[in-house]
file start_13.cif (mmCIF, C-alpha atoms)
data_model
loop_
_atom_site.label_atom_id
_atom_site.label_comp_id
_atom_site.auth_asym_id
_atom_site.auth_seq_id
_atom_site.Cartn_x
_atom_site.Cartn_y
_atom_site.Cartn_z
CA MET A 1 2.81 -39.65 -82.24
CA ASP A 2 4.68 -42.24 -80.17
CA PHE A 3 8.27 -42.49 -81.39
CA LEU A 4 8.77 -46.24 -81.00
CA GLU A 5 5.42 -47.00 -82.62
CA PHE A 6 6.38 -44.75 -85.52
CA LEU A 7 9.72 -46.54 -85.94
CA ASN A 8 8.00 -49.94 -85.89
CA GLY A 9 5.38 -48.87 -88.43
CA ALA A 10 7.56 -46.96 -90.90
CA VAL A 11 9.26 -49.95 -92.52
CA THR A 12 9.39 -48.52 -96.07
CA PRO A 13 9.10 -44.94 -97.41
CA TYR A 14 5.50 -45.72 -98.36
CA HIS A 15 4.71 -46.86 -94.82
CA THR A 16 6.50 -43.82 -93.42
CA VAL A 17 4.23 -41.54 -95.44
CA ASP A 18 1.19 -43.57 -94.37
CA CYS A 19 2.09 -43.05 -90.70
CA LEU A 20 2.62 -39.32 -91.27
CA LYS A 21 -0.62 -38.94 -93.22
CA ARG A 22 -2.64 -40.44 -90.39
CA ALA A 23 -0.97 -38.17 -87.83
CA PHE A 24 -1.53 -35.03 -89.89
CA ALA A 25 -5.11 -35.96 -90.79
CA MET A 26 -5.96 -36.48 -87.11
CA SER A 27 -4.68 -32.95 -86.47
CA GLY A 28 -6.94 -31.38 -89.07
CA PHE A 29 -4.66 -31.24 -92.12
CA ARG A 30 -6.53 -31.58 -95.42
CA THR A 31 -5.15 -33.90 -98.07
CA VAL A 32 -4.49 -32.68 -101.60
CA ASP A 33 -4.33 -35.61 -104.01
CA ARG A 34 -1.75 -33.99 -106.27
CA PRO A 35 0.17 -30.71 -106.43
CA GLY A 36 -1.23 -28.18 -108.87
CA ARG A 37 -4.89 -29.03 -108.29
CA GLN A 38 -6.77 -25.90 -107.27
CA VAL A 39 -8.09 -26.41 -103.76
CA GLY A 40 -8.41 -22.85 -102.53
CA THR A 41 -5.80 -21.98 -99.92
CA PHE A 42 -7.49 -20.34 -96.97
CA MET A 43 -5.70 -18.32 -94.34
CA GLY A 44 -4.77 -20.37 -91.28
CA GLU A 45 -5.59 -23.74 -92.84
CA SER A 46 -3.32 -26.78 -93.15
CA PHE A 47 -2.70 -29.17 -96.05
CA PHE A 48 -0.54 -32.13 -96.98
CA PHE A 49 0.55 -33.37 -100.40
CA GLU A 50 1.80 -36.87 -101.23
CA ARG A 51 3.98 -38.23 -104.01
CA SER A 52 5.40 -41.78 -104.15
CA GLY A 53 6.92 -42.16 -100.70
CA ALA A 54 7.26 -38.42 -100.08
CA LEU A 55 4.98 -36.00 -98.24
CA ILE A 56 4.88 -32.24 -97.73
CA ALA A 57 2.74 -30.62 -95.01
CA VAL A 58 1.97 -26.89 -94.96
CA ARG A 59 0.33 -24.56 -92.47
CA VAL A 60 -0.85 -21.36 -94.17
CA PRO A 61 -0.42 -18.18 -92.09
CA GLN A 62 -3.26 -16.07 -90.74
CA LYS A 63 -2.39 -13.24 -93.13
CA ILE A 64 0.09 -12.33 -95.87
CA ASP A 65 2.18 -9.18 -96.20
CA ASP A 66 5.53 -8.07 -97.62
CA SER A 67 7.40 -9.74 -94.73
CA THR A 68 5.82 -13.19 -95.18
CA ARG A 69 8.41 -15.95 -95.39
CA PHE A 70 8.67 -19.75 -95.37
CA ARG A 71 9.92 -21.74 -92.39
CA ILE A 72 10.86 -25.13 -93.75
CA ALA A 73 12.17 -28.32 -92.13
CA LEU A 74 13.47 -31.04 -94.45
CA SER A 75 14.12 -34.74 -93.96
CA HIS A 76 13.97 -37.96 -96.00
CA THR A 77 11.75 -41.01 -95.71
CA ASP A 78 14.08 -43.60 -97.24
CA PHE A 79 16.94 -45.62 -95.78
CA PRO A 80 19.50 -48.17 -97.01
CA ALA A 81 17.78 -51.44 -97.80
CA LEU A 82 17.66 -54.65 -99.81
CA LYS A 83 15.01 -54.25 -102.52
CA VAL A 84 13.48 -57.44 -103.88
CA ALA A 85 14.46 -57.91 -107.54
CA PRO A 86 11.77 -58.06 -110.25
CA HIS A 87 12.43 -61.79 -110.77
CA PRO A 88 13.90 -62.73 -107.36
CA ASP A 89 13.35 -66.48 -107.08
CA LYS A 90 16.24 -68.90 -106.78
CA ALA A 91 16.52 -72.40 -105.33
CA CYS A 92 19.51 -74.25 -103.91
CA ALA A 93 20.27 -76.76 -101.15
CA GLY A 94 16.61 -77.35 -100.36
CA CYS A 95 15.83 -73.66 -99.86
CA ARG A 96 14.07 -71.01 -101.88
CA THR A 97 15.82 -67.68 -101.78
CA ILE A 98 15.03 -64.08 -102.74
CA HIS A 99 17.56 -62.03 -104.66
CA SER A 100 17.67 -58.30 -103.91
CA GLU A 101 19.14 -55.15 -105.38
CA ILE A 102 21.16 -52.95 -103.05
CA TYR A 103 19.44 -49.64 -102.28
CA GLY A 104 21.76 -46.93 -100.98
CA SER A 105 24.79 -48.01 -98.99
CA PRO A 106 23.78 -50.46 -96.24
CA LEU A 107 26.36 -51.99 -93.93
CA PHE A 108 26.21 -55.47 -95.47
CA THR A 109 27.41 -57.51 -92.50
CA SER A 110 24.64 -56.14 -90.28
CA TRP A 111 22.00 -57.86 -92.45
CA LEU A 112 23.28 -61.34 -91.67
CA ASP A 113 21.59 -63.56 -89.06
CA ARG A 114 18.74 -61.08 -88.58
CA ASP A 115 14.97 -61.59 -88.56
CA LEU A 116 13.85 -59.90 -91.78
CA GLY A 117 10.37 -58.80 -92.72
CA TYR A 118 9.16 -57.72 -96.14
CA ALA A 119 6.97 -54.77 -97.05
CA GLY A 120 6.28 -52.29 -99.81
CA LEU A 121 3.79 -51.20 -102.45
CA LEU A 122 1.91 -53.43 -104.88
CA ALA A 123 0.52 -52.11 -108.19
CA PHE A 124 -2.43 -54.08 -109.57
CA GLU A 125 -5.05 -54.08 -112.30
CA ARG A 126 -8.76 -54.38 -111.57
CA ASP A 127 -11.43 -53.87 -114.22
CA GLY A 128 -8.92 -52.24 -116.53
CA LYS A 129 -7.78 -49.68 -113.96
CA ILE A 130 -4.52 -49.53 -112.02
CA GLY A 131 -4.56 -49.39 -108.23
CA SER A 132 -2.02 -49.74 -105.44
CA ARG A 133 -1.89 -51.21 -101.96
CA LEU A 134 0.56 -51.20 -99.10
CA VAL A 135 1.71 -54.63 -98.04
CA ARG A 136 3.55 -55.87 -94.97
CA GLY A 137 4.02 -59.60 -94.68
CA ASP A 138 3.73 -61.47 -91.41
CA LYS A 139 6.50 -64.00 -92.17
CA LEU A 140 10.17 -63.76 -91.20
CA PHE A 141 13.09 -64.45 -93.52
CA ARG A 142 16.84 -64.71 -92.89
CA ILE A 143 20.30 -64.43 -94.49
CA PRO A 144 22.39 -67.00 -92.56
CA GLN A 145 26.08 -66.34 -92.09
CA LEU A 146 28.59 -69.02 -93.03
CA ALA A 147 29.75 -71.00 -89.98
CA ILE A 148 33.20 -70.21 -88.65
CA HIS A 149 34.22 -73.83 -89.29
CA LEU A 150 33.82 -73.14 -93.03
CA ASN A 151 35.45 -69.71 -92.89
CA ARG A 152 38.31 -70.19 -90.44
CA GLY A 153 40.01 -66.83 -90.93
CA VAL A 154 36.95 -64.64 -90.57
CA ASN A 155 37.80 -63.30 -87.11
CA GLN A 156 41.33 -62.42 -88.16
CA ASP A 157 40.71 -61.21 -91.72
CA GLY A 158 37.28 -59.69 -91.32
CA LEU A 159 34.06 -60.75 -93.01
CA LYS A 160 33.88 -59.76 -96.67
CA VAL A 161 30.39 -59.77 -98.16
CA ASN A 162 29.79 -59.98 -101.90
CA PRO A 163 26.45 -58.19 -102.41
CA GLN A 164 25.70 -60.17 -105.57
CA THR A 165 26.13 -63.66 -104.14
CA ASP A 166 26.03 -63.43 -100.33
CA LEU A 167 22.81 -61.52 -99.57
CA ASP A 168 20.08 -63.78 -100.97
CA ALA A 169 17.47 -64.25 -98.23
CA LEU A 170 16.08 -67.70 -97.40
CA TRP A 171 12.30 -67.53 -97.37
CA SER A 172 10.98 -71.07 -97.87
CA SER A 173 12.02 -74.69 -98.27
CA THR A 174 11.62 -76.40 -101.61
CA ALA A 175 9.27 -79.32 -102.10
CA PRO A 176 10.91 -82.61 -101.00
CA GLY A 177 12.68 -84.36 -103.90
CA SER A 178 11.89 -81.57 -106.35
CA ASN A 179 15.44 -80.20 -106.62
CA GLY A 180 13.86 -76.76 -106.56
CA THR A 181 11.76 -77.29 -109.68
CA THR A 182 8.38 -77.06 -107.91
CA GLY A 183 7.00 -75.22 -104.94
CA GLN A 184 6.22 -71.65 -104.04
CA ASN A 185 7.19 -68.55 -105.98
CA PHE A 186 7.67 -65.26 -104.12
CA VAL A 187 6.03 -63.10 -106.77
CA LYS A 188 3.01 -65.41 -106.71
CA ALA A 189 3.01 -65.07 -102.93
CA LEU A 190 2.74 -61.31 -103.37
CA GLN A 191 -0.27 -61.88 -105.65
CA GLY A 192 -1.83 -63.61 -102.66
CA GLU A 193 -1.75 -60.31 -100.77
CA LEU A 194 -4.33 -58.89 -103.20
CA SER A 195 -8.08 -59.33 -103.26
CA ASP A 196 -10.09 -61.38 -105.73
CA GLY A 197 -10.24 -59.69 -109.12
CA GLU A 198 -6.95 -57.85 -108.60
CA ARG A 199 -4.00 -58.82 -110.81
CA LEU A 200 -0.46 -57.96 -109.73
CA LEU A 201 1.33 -55.80 -112.30
CA ASP A 202 4.42 -54.66 -110.41
CA PHE A 203 5.82 -54.19 -106.93
CA ASP A 204 8.32 -52.19 -104.90
CA VAL A 205 9.08 -54.46 -101.95
CA GLN A 206 12.06 -54.42 -99.64
CA LEU A 207 13.39 -56.37 -96.69
CA PHE A 208 13.62 -54.71 -93.29
CA ASP A 209 14.76 -55.37 -89.74
CA ALA A 210 11.77 -56.97 -88.04
CA GLN A 211 13.04 -56.52 -84.48
CA PRO A 212 10.98 -53.82 -82.72
CA ALA A 213 12.55 -50.56 -81.62
CA SER A 214 13.55 -50.50 -77.96
CA VAL A 215 14.96 -48.32 -75.21
CA GLY A 216 18.39 -49.38 -73.93
CA GLY A 217 21.29 -48.41 -71.73
CA PHE A 218 21.54 -48.81 -67.96
CA ASN A 219 19.59 -45.58 -67.43
CA ASP A 220 17.29 -46.01 -70.43
CA GLU A 221 19.21 -43.25 -72.17
CA TRP A 222 19.44 -44.75 -75.66
CA ILE A 223 17.12 -45.94 -78.43
CA TYR A 224 17.97 -48.97 -80.57
CA SER A 225 16.12 -49.43 -83.84
CA GLY A 226 16.33 -49.96 -87.55
CA ARG A 227 15.80 -46.96 -89.84
CA LEU A 228 16.73 -44.23 -87.34
CA ASP A 229 18.48 -42.60 -90.30
CA ASN A 230 16.31 -40.77 -91.13
CA LEU A 231 13.04 -41.62 -89.38
CA SER A 232 14.26 -39.80 -86.27
CA SER A 233 14.25 -36.54 -88.22
CA CYS A 234 10.86 -37.28 -89.80
CA HIS A 235 9.36 -37.85 -86.36
CA ALA A 236 10.95 -34.76 -84.82
CA ILE A 237 9.76 -32.49 -87.64
CA ALA A 238 6.24 -33.91 -87.56
CA GLU A 239 6.02 -33.52 -83.79
CA GLY A 240 7.31 -29.96 -84.05
CA LEU A 241 4.75 -28.96 -86.66
CA LEU A 242 1.84 -30.81 -85.07
CA SER A 243 2.45 -29.12 -81.71
CA ALA A 244 2.55 -25.64 -83.26
CA GLY A 245 -0.42 -23.61 -84.45
CA SER A 246 -0.62 -21.43 -87.53
CA LEU A 247 1.87 -18.58 -87.63
CA GLU A 248 0.60 -15.06 -87.99
CA LYS A 249 2.45 -14.20 -91.21
CA ASP A 250 4.79 -17.09 -92.16
CA PHE A 251 4.21 -20.42 -93.92
CA ALA A 252 5.23 -23.46 -91.85
CA VAL A 253 6.41 -26.32 -94.09
CA ALA A 254 7.51 -29.88 -93.29
CA ALA A 255 9.03 -31.71 -96.28
CA PHE A 256 9.62 -35.45 -96.10
CA MET A 257 11.43 -36.32 -99.32
CA ASN A 258 12.22 -39.73 -100.82
CA ASN A 259 15.35 -41.21 -102.46
CA GLU A 260 17.99 -39.22 -100.56
CA GLU A 261 20.05 -42.38 -100.11
CA VAL A 262 20.45 -42.69 -103.89
CA GLY A 263 21.04 -39.04 -104.74
CA SER A 264 17.59 -37.34 -104.59
CA VAL A 265 17.35 -36.87 -108.38
CA THR A 266 13.83 -38.30 -108.74
CA ARG A 267 10.36 -36.78 -109.04
CA GLU A 268 9.75 -37.48 -105.34
CA GLY A 269 13.27 -36.54 -104.26
CA ALA A 270 14.79 -33.25 -103.15
CA GLY A 271 16.29 -32.85 -106.62
CA GLY A 272 12.84 -33.03 -108.25
CA ASN A 273 10.06 -30.46 -108.57
CA PHE A 274 7.77 -31.72 -105.80
CA LEU A 275 8.66 -29.15 -103.15
CA ARG A 276 8.75 -26.22 -105.54
CA SER A 277 5.37 -27.13 -107.03
CA VAL A 278 3.80 -27.27 -103.56
CA LEU A 279 5.27 -23.93 -102.51
CA GLU A 280 4.08 -22.33 -105.74
CA GLN A 281 0.59 -23.73 -105.23
CA VAL A 282 0.12 -22.49 -101.66
CA TRP A 283 1.70 -19.13 -102.51
CA GLU A 284 -0.67 -18.52 -105.40
CA GLY A 285 -3.54 -20.02 -103.41
CA ALA A 286 -2.93 -17.35 -100.78
CA GLY A 287 -3.45 -14.73 -103.46
CA GLN A 288 0.20 -13.89 -104.11
CA PRO A 289 1.72 -13.44 -107.58
CA LEU A 290 4.15 -16.21 -108.49
CA SER A 291 6.69 -13.57 -109.51
CA SER A 292 7.15 -12.58 -105.86
CA LEU A 293 7.87 -16.12 -104.59
CA ALA A 294 11.62 -16.01 -105.29
CA SER A 295 12.01 -12.89 -103.18
CA SER A 296 10.19 -14.48 -100.27
CA LEU A 297 12.24 -17.68 -100.50
CA SER A 298 15.55 -15.81 -100.57
CA SER A 299 14.84 -14.39 -97.12
CA SER A 300 13.23 -17.56 -95.74
CA PHE A 301 14.97 -20.27 -93.70
CA ALA A 302 15.25 -24.05 -93.88
CA LEU A 303 16.50 -26.68 -91.48
CA SER A 304 17.82 -29.76 -93.31
CA ILE A 305 17.59 -32.39 -90.60
CA ASP A 306 19.44 -35.67 -91.11
CA MET A 307 21.65 -37.73 -88.82
CA ALA A 308 25.23 -37.04 -87.68
CA HIS A 309 28.14 -39.28 -86.76
CA ALA A 310 28.61 -39.50 -82.98
CA GLU A 311 32.09 -40.24 -81.71
CA HIS A 312 32.51 -43.99 -81.33
CA PRO A 313 34.23 -44.84 -78.01
CA ASN A 314 36.09 -47.72 -79.66
CA PHE A 315 37.23 -45.60 -82.62
CA PRO A 316 37.81 -42.01 -81.42
CA GLN A 317 40.54 -41.57 -84.05
CA LYS A 318 37.89 -41.54 -86.79
CA HIS A 319 36.75 -38.03 -85.81
CA GLU A 320 38.26 -34.60 -86.34
CA ALA A 321 39.60 -33.15 -83.10
CA ASN A 322 37.25 -30.58 -81.48
CA HIS A 323 34.43 -31.63 -83.84
CA ALA A 324 33.36 -35.01 -82.42
CA PRO A 325 29.67 -35.02 -81.39
CA ILE A 326 28.77 -36.98 -78.26
CA LEU A 327 25.57 -38.96 -77.72
CA GLY A 328 23.23 -37.07 -75.41
CA GLU A 329 24.97 -33.69 -75.62
CA GLY A 330 22.79 -31.91 -78.13
CA VAL A 331 21.88 -31.55 -81.79
CA VAL A 332 24.70 -31.28 -84.32
CA LEU A 333 25.53 -28.44 -86.68
CA LYS A 334 27.07 -30.00 -89.81
CA THR A 335 29.38 -27.93 -91.98
CA ASN A 336 31.65 -28.83 -94.90
CA SER A 337 34.02 -26.63 -96.91
CA GLN A 338 33.31 -28.71 -100.05
CA LYS A 339 29.61 -27.83 -99.69
CA ARG A 340 28.40 -31.36 -99.13
CA TYR A 341 26.20 -29.69 -96.52
CA ALA A 342 24.14 -26.55 -97.15
CA SER A 343 25.29 -24.74 -94.01
CA ASP A 344 26.98 -21.36 -94.52
CA VAL A 345 28.07 -18.69 -92.10
CA MET A 346 24.72 -16.86 -92.02
CA SER A 347 22.45 -19.92 -91.89
CA SER A 348 24.64 -21.39 -89.14
CA ALA A 349 24.32 -18.16 -87.18
CA ARG A 350 20.53 -18.30 -87.48
CA PHE A 351 20.59 -21.90 -86.29
CA LYS A 352 22.63 -20.97 -83.22
CA LEU A 353 20.22 -18.18 -82.35
CA LEU A 354 17.29 -20.57 -82.77
CA CYS A 355 18.99 -23.02 -80.37
CA GLU A 356 19.37 -20.23 -77.80
CA LYS A 357 15.69 -19.35 -78.02
CA ALA A 358 14.67 -23.01 -77.75
CA LYS A 359 17.22 -23.63 -74.94
CA VAL A 360 18.66 -26.54 -76.94
CA PRO A 361 22.39 -27.36 -76.77
CA TYR A 362 24.29 -27.88 -80.01
CA GLN A 363 27.58 -29.45 -81.14
CA THR A 364 29.58 -28.93 -84.34
CA PHE A 365 30.73 -31.60 -86.79
CA ILE A 366 33.20 -31.51 -89.65
CA THR A 367 34.66 -34.62 -91.25
CA ARG A 368 38.36 -35.43 -91.33
CA ASN A 369 40.23 -34.17 -94.39
CA ASP A 370 41.29 -37.73 -95.22
CA MET A 371 37.71 -39.06 -95.28
CA PRO A 372 34.94 -38.34 -97.80
CA CYS A 373 31.85 -36.55 -96.55
CA GLY A 374 28.27 -37.66 -97.12
CA SER A 375 25.49 -35.28 -98.10
CA THR A 376 21.81 -34.57 -97.41
CA VAL A 377 18.72 -33.07 -99.05
CA GLY A 378 19.91 -29.64 -97.92
CA PRO A 379 22.23 -28.68 -100.82
CA SER A 380 19.69 -29.73 -103.47
CA VAL A 381 16.84 -27.74 -101.94
CA SER A 382 18.94 -24.70 -101.07
CA ALA A 383 20.40 -24.51 -104.58
CA SER A 384 17.11 -25.01 -106.43
CA LEU A 385 14.95 -22.72 -104.26
CA GLY A 386 17.57 -20.13 -103.29
CA ILE A 387 16.63 -20.51 -99.64
CA PRO A 388 19.23 -20.13 -96.84
CA THR A 389 19.61 -23.62 -95.34
CA VAL A 390 21.53 -25.16 -92.48
CA ASP A 391 22.31 -28.87 -92.13
CA ILE A 392 21.82 -30.33 -88.67
CA GLY A 393 21.15 -33.73 -87.13
CA GLU A 394 21.02 -36.01 -84.13
CA PRO A 395 24.29 -37.76 -83.27
CA MET A 396 24.12 -41.51 -83.79
CA LEU A 397 26.17 -44.69 -83.87
CA SER A 398 26.00 -47.55 -86.41
CA MET A 399 24.80 -45.30 -89.23
CA HIS A 400 23.55 -47.41 -92.19
CA SER A 401 23.56 -50.58 -90.11
CA ILE A 402 20.34 -52.55 -90.10
CA ARG A 403 20.06 -51.48 -86.46
CA GLU A 404 21.20 -48.06 -85.25
CA MET A 405 21.50 -46.13 -81.99
CA ILE A 406 20.68 -42.61 -80.75
CA ALA A 407 20.23 -40.85 -77.39
CA VAL A 408 16.76 -40.16 -76.01
CA LYS A 409 17.77 -36.65 -74.93
CA ASP A 410 19.06 -35.68 -78.37
CA HIS A 411 15.76 -36.66 -79.94
CA GLN A 412 13.84 -34.63 -77.37
CA ASP A 413 16.10 -31.67 -78.13
CA MET A 414 15.47 -32.03 -81.87
CA ILE A 415 11.70 -32.02 -81.34
CA ALA A 416 12.03 -28.86 -79.24
CA LEU A 417 14.15 -27.22 -81.95
CA ALA A 418 11.69 -28.14 -84.70
CA LYS A 419 8.82 -26.74 -82.66
CA SER A 420 10.81 -23.55 -82.09
CA LEU A 421 11.26 -23.13 -85.85
CA TYR A 422 7.48 -23.10 -86.24
CA THR A 423 6.66 -20.94 -83.20
CA GLU A 424 9.44 -18.39 -82.51
CA GLY A 425 8.97 -14.88 -83.80
#
call {"tool": "encode", "arguments": {"input": "start_13.cif", "output": "C-alpha cells"}}
result
Amino acid sequence: MDFLEFLNGAVTPYHTVDCLKRAFAMSGFRTVDRPGRQVGTFMGESFFFERSGALIAVRVPQKIDDSTRFRIALSHTDFPALKVAPHPDKACAGCRTIHSEIYGSPLFTSWLDRDLGYAGLLAFERDGKIGSRLVRGDKLFRIPQLAIHLNRGVNQDGLKVNPQTDLDALWSSTAPGSNGTTGQNFVKALQGELSDGERLLDFDVQLFDAQPASVGGFNDEWIYSGRLDNLSSCHAIAEGLLSAGSLEKDFAVAAFMNNEEVGSVTREGAGGNFLRSVLEQVWEGAGQPLSSLASSLSSSFALSIDMAHAEHPNFPQKHEANHAPILGEGVVLKTNSQKRYASDVMSSARFKLLCEKAKVPYQTFITRNDMPCGSTVGPSVSASLGIPTVDIGEPMLSMHSIREMIAVKDHQDMIALAKSLYTEG
C-alpha cells in the first residue's frame, strides 16, 4: 500500500477505513459486517470488522494452546479537523460561507489561506430504508486571512484566531444583487452527491487539506502531508500485518480506532466496547471458553502507536533535556509518570527487546514538568483489557497543523517494528 497514495486518499476516518478495507480484502481478509455475528473462526484465517470510522483486523493462529496470546498494534483513524455544522450556511460581502465545529485541537492559524477540500459520510433514505455513502467533493474552498494592512500589529503581536468567527470557509459567491438571500445552499449541494430517489437525512462532512502529500528535503529525507497524525501509524501497522503470515499460536491484531482526538469515549473509540467484542468473538470462534480470555490478555502485548514530538530546531528549549527525539533517528518510546501514556517498566523493556530483534533504533521522550502531556488510545485499551501496553510513535514536527512533517527513515523503521511484532517468536 503506497504511503503517499494512502495519505491522499484517507481524508476522513471513513475514507481511512475504506482504504484499509480495500488493502486487507486484496490480501485475503474476510469482512465481518458486525461484531458478534457468528462467522466460524477457522485456524489460520484472517478477518476484519468495521464500525463507524474504525476497523479491526485479525489473523487467527494455526493452532491454540495454553500459551496462546494476542499481539496487538493500536492506532487511530481521526485527526483534528473542521467539521461542517448541521446548518452551516451564511452569507456576507458577496460570499457564501460554511460554518464548522472544531474537532479535536487543530492549530487554527494553519487552516488559513489553504486549499480546502470537503469529504465525509452521507446518510440517506431510499424506499423507506437508510443507507450511507462516502463523498469527496471536487471543489476547493478557502479561509482567507485578513490583509496585513487591516491588521497592522499581526507580525509583532501574533495572529489570534477566534474559532467561532474567524474560521468560516468561503465556498461560493452569492447571486448578484441578492444580498445573500438567493443562491446555492451547501446542504442542498450535498444532496446533489446522491442518486435519484435518495433523500439526504444527515451528514458527517469535514474540511481537509487538499494539497497532496509530498517528499521534501534536499535529500528527499522528509514527508510533508496533512493527517500524518495518525495516518502514519495506521499505514505502518497495516503494512506490518499485511507482510506477515499467520502466527503458529498467537492472534495478530491491528486496531484502528476512531475519536482519539476527542477522548476515545465513543462506541467506535478505544474507550468503547468495539475491540473487546472483536477479541471475544475470535477467541470463542477458535473454540476457547470466554472465561479464559482475561488470562490470555494479561500475558499478551500491545503497541500503542501514535506520533511523538520531535525537537524543533527553532525551539529546542521546549523539550526536556536528554529526552528530545530527532527526526530520522528512530522510533520513540513515550513514557509519563502521570500515566498519560500506557508504558510501564515491563512493557518498555519488551519494546526495547523487540527493537533489538527488528534492528530498529529507538529514542525516549518525556514531556517537561512545566508542560501538560497529551495522551493516546494506549491507556484506555490497557486499562479496559488488562493487557501490557507500551506507547510509541514516529517523531514529527507541526503536530496538529493542517500540514505536518516526518522523516522517511522513521516511517520505514516503524513498519519494520510492526512487522516484527507479528513475526518474531
call {"tool": "resolve_selection", "arguments": {"input": "start_13.cif", "expression": "the PyMOL selection byres ((chain A and resi 306) around 7)", "output": "list in words"}}
result
Ser75, Asn230, Ser233, Ser304, Ile305, Met307, Ala308, Thr376, Ile392 and Gly393 of chain A
call {"tool": "closest_residue", "arguments": {"input": "start_13.cif", "among": "A:Ile98, A:Val253, A:Val215, A:Ile402", "to": "Thr165 (chain A)", "atoms": "only C-alpha atoms"}}
result
A:Ile98
call {"tool": "closest_residue", "arguments": {"input": "start_13.cif", "among": "A:Pro395, A:Gly94, A:Gly330, A:Pro388", "to": "Asp229 (chain A)", "atoms": "all atoms listed in the file"}}
result
A:Pro395
call {"tool": "closest_residue", "arguments": {"input": "start_13.cif", "among": "A:Val408, A:Leu207, A:Ala54, A:Ala244", "to": "Arg267 (chain A)", "atoms": "all atoms listed in the file"}}
result
A:Ala54
call {"tool": "resolve_selection", "arguments": {"input": "start_13.cif", "expression": "the PyMOL selection byres ((chain A and resi 249) around 8)", "output": "list in words"}}
result
Pro61, Gln62, Lys63, Ile64, Asp65, Ser67, Thr68, Arg69, Leu247, Glu248, Asp250 and Phe251 of chain A
call {"tool": "closest_residue", "arguments": {"input": "start_13.cif", "among": "A:Gly245, A:Ala255, A:Ala175, A:Phe365", "to": "Phe48 (chain A)", "atoms": "only C-alpha atoms"}}
result
A:Ala255
call {"tool": "atom_distance", "arguments": {"input": "start_13.cif", "atom1": "CA of Glu45 (chain A)", "atom2": "CA of Leu290 (chain A)"}}
result
19.9 Å
call {"tool": "residues_around", "arguments": {"input": "start_13.cif", "residues": "Ser225 (chain A)", "least_positions_apart": "4", "cutoff": "7 Å", "atoms": "all atoms listed in the file", "output": "list in words"}}
result
Pro212, Ala213, Ser214, Arg403, Glu404 and Met405 of chain A
call {"tool": "resolve_selection", "arguments": {"input": "start_13.cif", "expression": "the PyMOL selection byres ((chain A and resi 278) around 8)", "output": "list in words"}}
result
Pro35, Gly36, Phe49, Ile56, Phe274, Leu275, Arg276, Ser277, Leu279, Glu280, Gln281 and Val282 of chain A
call {"tool": "closest_residue", "arguments": {"input": "start_13.cif", "among": "A:Ala383, A:Ala310, A:Ile72, A:Leu107", "to": "Ile237 (chain A)", "atoms": "only C-alpha atoms"}}
result
A:Ile72
call {"tool": "closest_residue", "arguments": {"input": "start_13.cif", "among": "A:Arg199, A:Arg152, A:Ala169, A:Thr97", "to": "Asn185 (chain A)", "atoms": "all atoms listed in the file"}}
result
A:Thr97
